[in-house]
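Q: A single structure is presented below for examination.
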Amino acid sequence: MEYNEPSYIQSNRLTLRHFSKRDVESFYAYRSTPEVAKFQSWENYQYSDAEQFVEKQVQNKPNQPGTWFQFAVALTDTNQLIGDCALHTLLDEPRIVEIGFTIASEHQGKGYGSEAVRALLTYVFKTLGKHKIIAFTDVRNDHSIALLERVGFRREGHLLQNYMSKGKWIDEYQYSLLHSEWSL
Ligand SMILES: CC(C)(COP(=O)(O)OP(=O)(O)OC[C@H]1O[C@@H](n2cnc3c(N)ncnc32)[C@H](O)[C@@H]1OP(=O)(O)O)[C@@H](O)C(=O)NCCC(=O)NCCS
């Protein structure tokens with residue numbers, strides 16, 4: 001299908017593209033779901049938060065040191081937004097990037113999360129030529145841990161009380177994948 005927004009990479013079923021103002025409704029719908037927010041820092045997500053987030057992402061560019069860029073994950077057949085993948089380019093060492101990922105509840109369990117992250121890995125290593133990708137996950141987030149290990153990440157550390165979520169200090173695992181370890 002024809003896209004109005006720039007697209008970065010495609011997989012079998014998905015396109016990772018720029019966010020568009022038309023995504024606000026779908027983005028708000030999954031971001032405000034308690035199940036999706038369970039292991040994330042936000043709570044009580046408002047429609048105005050979604051509008052501001054999308055507005056910022058419409059103007060953002062990927063691969064800017066010190067910034068987060070959010071790729072919209074869309075079903076290629078319909079251009080429907082079903083989630084997002086984040087790319088944080090580190091300020092002091094931009095050859096290392098951090099990623100994050102979310103898939104709307106009704107689209108989970110179909111392999112879309114790992115398909116989107118595999119596409120992101122190809123973009124990061126092949127197109128951007130990065131050296132290393134890191135990801136942090138709440139130690140209780142079994143789906144996220146399973147996804148990271150499924151696509152080849154290695155557990156590199158257990159970080160005690162590493163972020164504050166919903167009033168509590170939470171342990172995280174740090175996962176990593178070096179360019180030299182990555183295989184398609
Ligand atoms: C983590 C998250 C992105 C995983 O999304 P997902 O799309 O379900 O993840 P996967 O691609 O790994 O899905 C794999 C599951 O789909 C199943 N599946 C069904 N059809 C499939 C297909 N065609 N290809 C691959 N897997 C398929 C797999 O068997 C697997 O099932 P299982 O979980 O019972 O083992 C999702 O749970 C989420 O958004 N959580 C909330 C946000 C969050 O916590 N993000 C992480 C922050 S670090």
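Letters A, B, ... go to the chains of the structure tokens in the order shown; residues in each chain start at 1; ligands are counted from 1 in the same order.
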May I ask you to write as a PDB file with N, CA and C atoms, in the first residue's frame all residues lying at most 8 Å from ligand 1, with only C-alpha atoms and all ligand atoms counted?
A:
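File part_9.pdb, as written:
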ATOM      1  N   GLU A  35      -2.825  -3.167  31.076  1.00  0.00           N
ATOM      2  CA  GLU A  35      -1.991  -4.341  30.770  1.00  0.00           C
ATOM      3  C   GLU A  35      -0.690  -3.936  30.046  1.00  0.00           C
ATOM      4  N   VAL A  36      -0.816  -2.978  29.121  1.00  0.00           N
ATOM      5  CA  VAL A  36       0.360  -2.519  28.364  1.00  0.00           C
ATOM      6  C   VAL A  36       1.275  -1.672  29.257  1.00  0.00           C
ATOM      7  N   ALA A  37       0.665  -0.926  30.197  1.00  0.00           N
ATOM      8  CA  ALA A  37       1.442  -0.019  31.059  1.00  0.00           C
ATOM      9  C   ALA A  37       2.028  -0.719  32.282  1.00  0.00           C
ATOM     10  N   LYS A  38       1.647  -1.997  32.503  1.00  0.00           N
ATOM     11  CA  LYS A  38       1.987  -2.695  33.751  1.00  0.00           C
ATOM     12  C   LYS A  38       3.473  -2.598  34.132  1.00  0.00           C
ATOM     13  N   PHE A  39       4.361  -2.814  33.184  1.00  0.00           N
ATOM     14  CA  PHE A  39       5.798  -2.794  33.491  1.00  0.00           C
ATOM     15  C   PHE A  39       6.471  -1.547  32.917  1.00  0.00           C
ATOM     16  N   GLN A  40       5.693  -0.508  32.689  1.00  0.00           N
ATOM     17  CA  GLN A  40       6.249   0.732  32.144  1.00  0.00           C
ATOM     18  C   GLN A  40       6.155   1.813  33.210  1.00  0.00           C
ATOM     19  N   GLY A  83       1.492  -0.789  17.245  1.00  0.00           N
ATOM     20  CA  GLY A  83       2.484  -0.681  18.316  1.00  0.00           C
ATOM     21  C   GLY A  83       3.582   0.281  17.923  1.00  0.00           C
ATOM     22  N   GLY A 100      13.312  -0.024  22.732  1.00  0.00           N
ATOM     23  CA  GLY A 100      12.144  -0.408  23.515  1.00  0.00           C
ATOM     24  C   GLY A 100      11.052  -0.823  22.534  1.00  0.00           C
ATOM     25  N   PHE A 101       9.980  -1.463  23.030  1.00  0.00           N
ATOM     26  CA  PHE A 101       8.940  -1.952  22.102  1.00  0.00           C
ATOM     27  C   PHE A 101       7.626  -2.160  22.838  1.00  0.00           C
ATOM     28  N   THR A 102       6.543  -1.921  22.122  1.00  0.00           N
ATOM     29  CA  THR A 102       5.190  -2.135  22.652  1.00  0.00           C
ATOM     30  C   THR A 102       4.287  -2.605  21.523  1.00  0.00           C
ATOM     31  N   ILE A 103       3.458  -3.603  21.823  1.00  0.00           N
ATOM     32  CA  ILE A 103       2.440  -4.050  20.863  1.00  0.00           C
ATOM     33  C   ILE A 103       1.086  -3.979  21.575  1.00  0.00           C
ATOM     34  N   ALA A 104       0.070  -3.455  20.895  1.00  0.00           N
ATOM     35  CA  ALA A 104      -1.282  -3.350  21.471  1.00  0.00           C
ATOM     36  C   ALA A 104      -1.769  -4.731  21.911  1.00  0.00           C
ATOM     37  N   SER A 105      -2.472  -4.782  23.056  1.00  0.00           N
ATOM     38  CA  SER A 105      -2.872  -6.072  23.657  1.00  0.00           C
ATOM     39  C   SER A 105      -3.529  -7.011  22.658  1.00  0.00           C
ATOM     40  N   HIS A 107      -3.150  -7.390  19.646  1.00  0.00           N
ATOM     41  CA  HIS A 107      -2.259  -7.897  18.587  1.00  0.00           C
ATOM     42  C   HIS A 107      -1.086  -8.707  19.152  1.00  0.00           C
ATOM     43  N   GLN A 108      -1.047  -8.871  20.486  1.00  0.00           N
ATOM     44  CA  GLN A 108       0.042  -9.658  21.080  1.00  0.00           C
ATOM     45  C   GLN A 108      -0.181 -11.150  20.857  1.00  0.00           C
ATOM     46  N   GLY A 109       0.895 -11.939  20.999  1.00  0.00           N
ATOM     47  CA  GLY A 109       0.790 -13.394  20.872  1.00  0.00           C
ATOM     48  C   GLY A 109       0.691 -13.878  19.434  1.00  0.00           C
ATOM     49  N   LYS A 110       1.019 -12.985  18.477  1.00  0.00           N
ATOM     50  CA  LYS A 110       0.975 -13.362  17.051  1.00  0.00           C
ATOM     51  C   LYS A 110       2.343 -13.219  16.405  1.00  0.00           C
ATOM     52  N   GLY A 111       3.348 -12.975  17.241  1.00  0.00           N
ATOM     53  CA  GLY A 111       4.709 -12.849  16.710  1.00  0.00           C
ATOM     54  C   GLY A 111       5.027 -11.477  16.149  1.00  0.00           C
ATOM     55  N   TYR A 112       4.127 -10.499  16.332  1.00  0.00           N
ATOM     56  CA  TYR A 112       4.387  -9.169  15.759  1.00  0.00           C
ATOM     57  C   TYR A 112       5.528  -8.456  16.483  1.00  0.00           C
ATOM     58  N   GLY A 113       5.594  -8.637  17.824  1.00  0.00           N
ATOM     59  CA  GLY A 113       6.633  -7.951  18.601  1.00  0.00           C
ATOM     60  C   GLY A 113       8.018  -8.357  18.126  1.00  0.00           C
ATOM     61  N   SER A 114       8.254  -9.672  18.033  1.00  0.00           N
ATOM     62  CA  SER A 114       9.598 -10.102  17.622  1.00  0.00           C
ATOM     63  C   SER A 114       9.852  -9.774  16.156  1.00  0.00           C
ATOM     64  N   GLU A 115       8.803  -9.820  15.334  1.00  0.00           N
ATOM     65  CA  GLU A 115       8.979  -9.451  13.916  1.00  0.00           C
ATOM     66  C   GLU A 115       9.392  -7.974  13.793  1.00  0.00           C
ATOM     67  N   ALA A 116       8.748  -7.116  14.587  1.00  0.00           N
ATOM     68  CA  ALA A 116       9.078  -5.678  14.543  1.00  0.00           C
ATOM     69  C   ALA A 116      10.494  -5.442  15.053  1.00  0.00           C
ATOM     70  N   ALA A 135      18.994  -3.107  25.779  1.00  0.00           N
ATOM     71  CA  ALA A 135      17.576  -2.989  26.143  1.00  0.00           C
ATOM     72  C   ALA A 135      17.452  -3.304  27.623  1.00  0.00           C
ATOM     73  N   PHE A 136      16.588  -2.577  28.294  1.00  0.00           N
ATOM     74  CA  PHE A 136      16.335  -2.818  29.713  1.00  0.00           C
ATOM     75  C   PHE A 136      14.926  -3.360  29.864  1.00  0.00           C
ATOM     76  N   THR A 137      14.764  -4.323  30.767  1.00  0.00           N
ATOM     77  CA  THR A 137      13.419  -4.814  31.018  1.00  0.00           C
ATOM     78  C   THR A 137      13.224  -5.082  32.501  1.00  0.00           C
ATOM     79  N   ASP A 138      12.040  -4.791  32.985  1.00  0.00           N
ATOM     80  CA  ASP A 138      11.630  -5.135  34.343  1.00  0.00           C
ATOM     81  C   ASP A 138      11.805  -6.653  34.499  1.00  0.00           C
ATOM     82  N   ASN A 141       8.873  -8.875  33.741  1.00  0.00           N
ATOM     83  CA  ASN A 141       8.191  -8.758  32.441  1.00  0.00           C
ATOM     84  C   ASN A 141       8.543  -9.967  31.533  1.00  0.00           C
ATOM     85  N   ASP A 142       7.870 -11.083  31.795  1.00  0.00           N
ATOM     86  CA  ASP A 142       8.212 -12.338  31.107  1.00  0.00           C
ATOM     87  C   ASP A 142       8.096 -12.247  29.584  1.00  0.00           C
ATOM     88  N   HIS A 143       7.084 -11.524  29.091  1.00  0.00           N
ATOM     89  CA  HIS A 143       6.899 -11.436  27.624  1.00  0.00           C
ATOM     90  C   HIS A 143       8.048 -10.669  26.966  1.00  0.00           C
ATOM     91  N   SER A 144       8.482  -9.621  27.648  1.00  0.00           N
ATOM     92  CA  SER A 144       9.577  -8.823  27.105  1.00  0.00           C
ATOM     93  C   SER A 144      10.893  -9.624  27.134  1.00  0.00           C
ATOM     94  N   ILE A 145      11.124 -10.337  28.241  1.00  0.00           N
ATOM     95  CA  ILE A 145      12.330 -11.170  28.363  1.00  0.00           C
ATOM     96  C   ILE A 145      12.330 -12.243  27.266  1.00  0.00           C
ATOM     97  N   ALA A 146      11.164 -12.885  27.072  1.00  0.00           N
ATOM     98  CA  ALA A 146      11.063 -13.939  26.050  1.00  0.00           C
ATOM     99  C   ALA A 146      11.357 -13.371  24.665  1.00  0.00           C
ATOM    100  N   LEU A 147      10.802 -12.188  24.392  1.00  0.00           N
ATOM    101  CA  LEU A 147      11.027 -11.578  23.070  1.00  0.00           C
ATOM    102  C   LEU A 147      12.513 -11.296  22.855  1.00  0.00           C
ATOM    103  N   LEU A 148      13.145 -10.672  23.851  1.00  0.00           N
ATOM    104  CA  LEU A 148      14.560 -10.299  23.694  1.00  0.00           C
ATOM    105  C   LEU A 148      15.420 -11.540  23.451  1.00  0.00           C
ATOM    106  N   ARG A 150      14.351 -14.423  22.266  1.00  0.00           N
ATOM    107  CA  ARG A 150      13.949 -15.027  20.981  1.00  0.00           C
ATOM    108  C   ARG A 150      14.692 -14.398  19.798  1.00  0.00           C
TER     109      ARG A 150
END
Q: List the spatial neighbours of A:Tyr175 as a list in words - criterion: any atom at most 6 Å away, only C-alpha atoms, same-chain residues fewer than 5 positions off excluded.
A: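 With the cut-off at 6 Å, the set is Ile134, Ala135, Phe153, Arg154, Arg155 and Glu156 of chain A.
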Q: Output C-alpha atoms for every residue in that selection, as a short mmCIF file (atom, residue, chain, number, x, y, z; two decimals), in the first residue's frame.
A:
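Result written to selection17.cif:
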data_model
loop_
_atom_site.label_atom_id
_atom_site.label_comp_id
_atom_site.auth_asym_id
_atom_site.auth_seq_id
_atom_site.Cartn_x
_atom_site.Cartn_y
_atom_site.Cartn_z
CA ILE A 134 21.03 -2.51 24.60
CA ALA A 135 17.58 -2.99 26.14
CA PHE A 153 19.79 -10.72 22.92
CA ARG A 154 22.12 -11.81 25.73
CA ARG A 155 21.42 -11.00 29.38
CA GLU A 156 24.29 -8.77 30.44
#
Q: Determine which residues of chain A DSSP labels as strand (DSSP E or B) from the backbone of this structure, then write them out as a ChimeraX atom specification.
A: /A:7-10,14-17,67-75,81-89,96-103,132-138,154-165,168-178
Q: Fewer than 2 positions away in the same chain doesn't count, so skip those; otherwise give me all residues within 12 Å of stretch 21-25 of chain A, counting only C-alpha atoms, as a compact mmCIF listing (two decimals) with N, CA, C and O atoms, in the first residue's frame.
A:
# COMPACT_ATOMS: atom_id res chain seq x y z
N ASN A 4 1.84 7.77 3.17
CA ASN A 4 2.13 9.21 3.14
C ASN A 4 3.37 9.50 3.98
O ASN A 4 4.12 10.42 3.73
N GLU A 5 3.56 8.67 5.02
CA GLU A 5 4.67 8.90 5.95
C GLU A 5 5.91 8.17 5.43
O GLU A 5 5.79 7.13 4.81
N ARG A 17 7.39 2.74 10.30
CA ARG A 17 7.28 4.02 9.59
C ARG A 17 7.26 5.17 10.59
O ARG A 17 7.17 4.97 11.80
N HIS A 18 7.28 6.40 10.05
CA HIS A 18 7.15 7.59 10.87
C HIS A 18 5.74 7.66 11.45
O HIS A 18 4.79 7.20 10.82
N PHE A 19 5.62 8.24 12.64
CA PHE A 19 4.28 8.48 13.18
C PHE A 19 3.57 9.56 12.38
O PHE A 19 4.22 10.44 11.81
N PHE A 27 -2.87 5.00 19.06
CA PHE A 27 -1.76 5.07 20.02
C PHE A 27 -2.32 5.23 21.44
O PHE A 27 -1.92 4.51 22.37
N TYR A 28 -3.26 6.15 21.60
CA TYR A 28 -3.86 6.37 22.92
C TYR A 28 -4.54 5.09 23.42
O TYR A 28 -4.41 4.72 24.59
N ALA A 29 -5.24 4.41 22.51
CA ALA A 29 -6.00 3.21 22.90
C ALA A 29 -5.08 2.18 23.55
O ALA A 29 -5.42 1.62 24.60
N TYR A 30 -3.90 1.92 22.97
CA TYR A 30 -3.07 0.89 23.61
C TYR A 30 -2.21 1.44 24.74
O TYR A 30 -2.00 0.75 25.74
N ARG A 31 -1.75 2.67 24.64
CA ARG A 31 -0.90 3.23 25.70
C ARG A 31 -1.65 3.37 27.02
O ARG A 31 -1.07 3.29 28.09
N SER A 32 -2.96 3.58 26.94
CA SER A 32 -3.75 3.80 28.15
C SER A 32 -4.27 2.49 28.74
O SER A 32 -4.98 2.48 29.74
N GLN A 46 -3.18 10.02 29.53
CA GLN A 46 -4.29 10.86 29.04
C GLN A 46 -4.23 11.02 27.52
O GLN A 46 -3.14 10.95 26.93
N TYR A 47 -5.40 11.35 26.93
CA TYR A 47 -5.45 11.58 25.48
C TYR A 47 -4.50 12.73 25.09
O TYR A 47 -3.81 12.66 24.07
N SER A 48 -4.45 13.76 25.95
CA SER A 48 -3.57 14.91 25.64
C SER A 48 -2.10 14.49 25.65
O SER A 48 -1.28 15.03 24.90
N ASP A 49 -1.75 13.49 26.51
CA ASP A 49 -0.37 12.97 26.50
C ASP A 49 -0.08 12.32 25.14
O ASP A 49 1.01 12.49 24.58
N ALA A 50 -1.06 11.56 24.64
CA ALA A 50 -0.89 10.88 23.35
C ALA A 50 -0.74 11.92 22.22
O ALA A 50 0.11 11.76 21.34
N GLU A 51 -1.55 12.97 22.28
CA GLU A 51 -1.47 14.02 21.24
C GLU A 51 -0.08 14.66 21.23
O GLU A 51 0.53 14.85 20.17
N GLN A 52 0.41 14.97 22.44
CA GLN A 52 1.74 15.62 22.54
C GLN A 52 2.84 14.68 22.07
O GLN A 52 3.78 15.09 21.38
N PHE A 53 2.72 13.40 22.46
CA PHE A 53 3.72 12.41 22.08
C PHE A 53 3.80 12.30 20.55
O PHE A 53 4.89 12.37 19.95
N VAL A 54 2.65 12.13 19.93
CA VAL A 54 2.62 11.94 18.46
C VAL A 54 3.11 13.21 17.76
O VAL A 54 3.91 13.14 16.82
N GLU A 55 2.66 14.35 18.24
CA GLU A 55 3.09 15.63 17.66
C GLU A 55 4.62 15.73 17.64
O GLU A 55 5.23 16.10 16.64
N LYS A 56 5.24 15.34 18.76
CA LYS A 56 6.70 15.40 18.87
C LYS A 56 7.35 14.42 17.90
O LYS A 56 8.32 14.74 17.21
N GLN A 57 6.77 13.21 17.82
CA GLN A 57 7.38 12.18 16.96
C GLN A 57 7.23 12.52 15.48
O GLN A 57 8.07 12.13 14.68
N VAL A 58 6.16 13.22 15.12
CA VAL A 58 5.97 13.61 13.71
C VAL A 58 7.16 14.48 13.26
O VAL A 58 7.62 14.38 12.12
N GLN A 59 7.66 15.28 14.19
CA GLN A 59 8.76 16.19 13.83
C GLN A 59 10.15 15.59 14.04
O GLN A 59 11.14 16.10 13.52
N PHE A 71 9.46 4.59 16.30
CA PHE A 71 8.93 4.11 15.02
C PHE A 71 7.50 3.63 15.25
O PHE A 71 7.25 2.89 16.21
N ALA A 72 6.60 4.02 14.35
CA ALA A 72 5.25 3.46 14.38
C ALA A 72 5.31 2.08 13.74
O ALA A 72 5.92 1.91 12.68
N VAL A 73 4.72 1.08 14.40
CA VAL A 73 4.66 -0.28 13.83
C VAL A 73 3.26 -0.46 13.25
O VAL A 73 2.27 -0.43 13.98
N ALA A 74 3.20 -0.61 11.92
CA ALA A 74 1.89 -0.69 11.25
C ALA A 74 1.77 -2.01 10.48
O ALA A 74 2.77 -2.54 9.98
N ASN A 79 -2.00 -0.33 6.91
CA ASN A 79 -1.37 0.84 7.53
C ASN A 79 -1.90 1.12 8.94
O ASN A 79 -1.67 2.19 9.50
N GLN A 80 -2.60 0.14 9.52
CA GLN A 80 -3.12 0.29 10.89
C GLN A 80 -1.97 0.24 11.90
O GLN A 80 -1.14 -0.67 11.86
N LEU A 81 -1.93 1.22 12.82
CA LEU A 81 -0.92 1.23 13.89
C LEU A 81 -1.24 0.14 14.90
O LEU A 81 -2.35 0.09 15.44
N ILE A 82 -0.25 -0.74 15.18
CA ILE A 82 -0.48 -1.78 16.19
C ILE A 82 0.55 -1.72 17.33
O ILE A 82 0.48 -2.52 18.26
N GLY A 83 1.49 -0.79 17.25
CA GLY A 83 2.48 -0.68 18.32
C GLY A 83 3.58 0.28 17.92
O GLY A 83 3.45 1.03 16.94
N ASP A 84 4.65 0.26 18.72
CA ASP A 84 5.78 1.14 18.39
C ASP A 84 7.07 0.54 18.88
O ASP A 84 7.08 -0.31 19.77
Q: DSSP on the backbone: which residues in stretch 11-173 of chain A end up as alpha helix (DSSP H)? Give the answer as a count of residues only.
A: 45
Q: May I ask which of the residues A:Ile170, A:Val139, A:Val151, A:Leu178 is the closest one to A:Arg95, counting only C-alpha atoms?
A: A:Leu178
Q: Suppose you want the space between atom CA of A:Thr76 and atom CA of A:Thr122; what is it in Å?
A: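 If I compute the distance from atom CA of A:Thr76 to atom CA of A:Thr122, I get 17.4 Å.
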Q: Could you list, with a cut-off of 6 Å and counting only C-alpha atoms, the residues of stretch 84-154 of chain A near stretch 62-69 of chain A, each shown with its nearest atom pair and the distance in Å rounded to one decimal, rows sorted by chain and ascending number, as a Markdown table?
A:
| residue | atom | partner | partner_atom | distance |
| --- | --- | --- | --- | --- |
| A:Ala86 | CA | A:Phe69 | CA | 5.7 |
| A:Leu87 | CA | A:Phe69 | CA | 5.1 |
| A:His88 | CA | A:Trp68 | CA | 4.3 |
| A:Thr89 | CA | A:Pro65 | CA | 4.9 |
| A:Leu90 | CA | A:Gly66 | CA | 5.1 |
| A:Leu91 | CA | A:Gly66 | CA | 4.0 |
| A:Pro94 | CA | A:Pro65 | CA | 5.6 |
Q: Rank A:Leu120, A:Tyr173, A:Leu159, A:Thr127 by their smallest atom-to-atom distance to A:Arg140, using only C-alpha atoms, and report the top residue only.
A: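 Ranking A:Leu120, A:Tyr173, A:Leu159, A:Thr127 by distance to A:Arg140, first place goes to A:Tyr173.
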Q: Closest to A:Ile96 among A:Leu177, A:Val117, A:Leu75, A:Ile9, using only C-alpha atoms?
A: A:Leu177
Q: Which of these residues is nearest to A:Pro6, using only C-alpha atoms: A:Ser165, A:Asn60, A:Thr33, A:Ser26?
A: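 That would be A:Asn60, the residue with the smallest distance to A:Pro6.
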Q: Using atom CA of A:Ser41 and atom CA of A:Cys85 as the two end points, give the distance in Å to one decimal.
A: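 These two atoms are separated by 15.9 Å.
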Q: Measuring between only C-alpha atoms, which one of A:Leu14, A:Arg118, A:Lys132, A:Glu43 shows the shortest distance to A:His179?
A: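 Once distances to A:His179 are computed over only C-alpha atoms, the minimum belongs to A:Lys132.
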Q: Return the single residue from A:Ser20, A:Gln70, A:Ser11, A:Ser176 that is closest to A:Ile133, with distances computed using only C-alpha atoms.
A: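 Answer, going by the shortest atom-to-atom distance: A:Ser176.
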Q: How far is it from atom CA of A:Tyr8 to atom CA of A:Trp42, in Å with one decimal?
A: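 Spanning atom CA of A:Tyr8 to atom CA of A:Trp42 is a straight-line distance of 27.2 Å.
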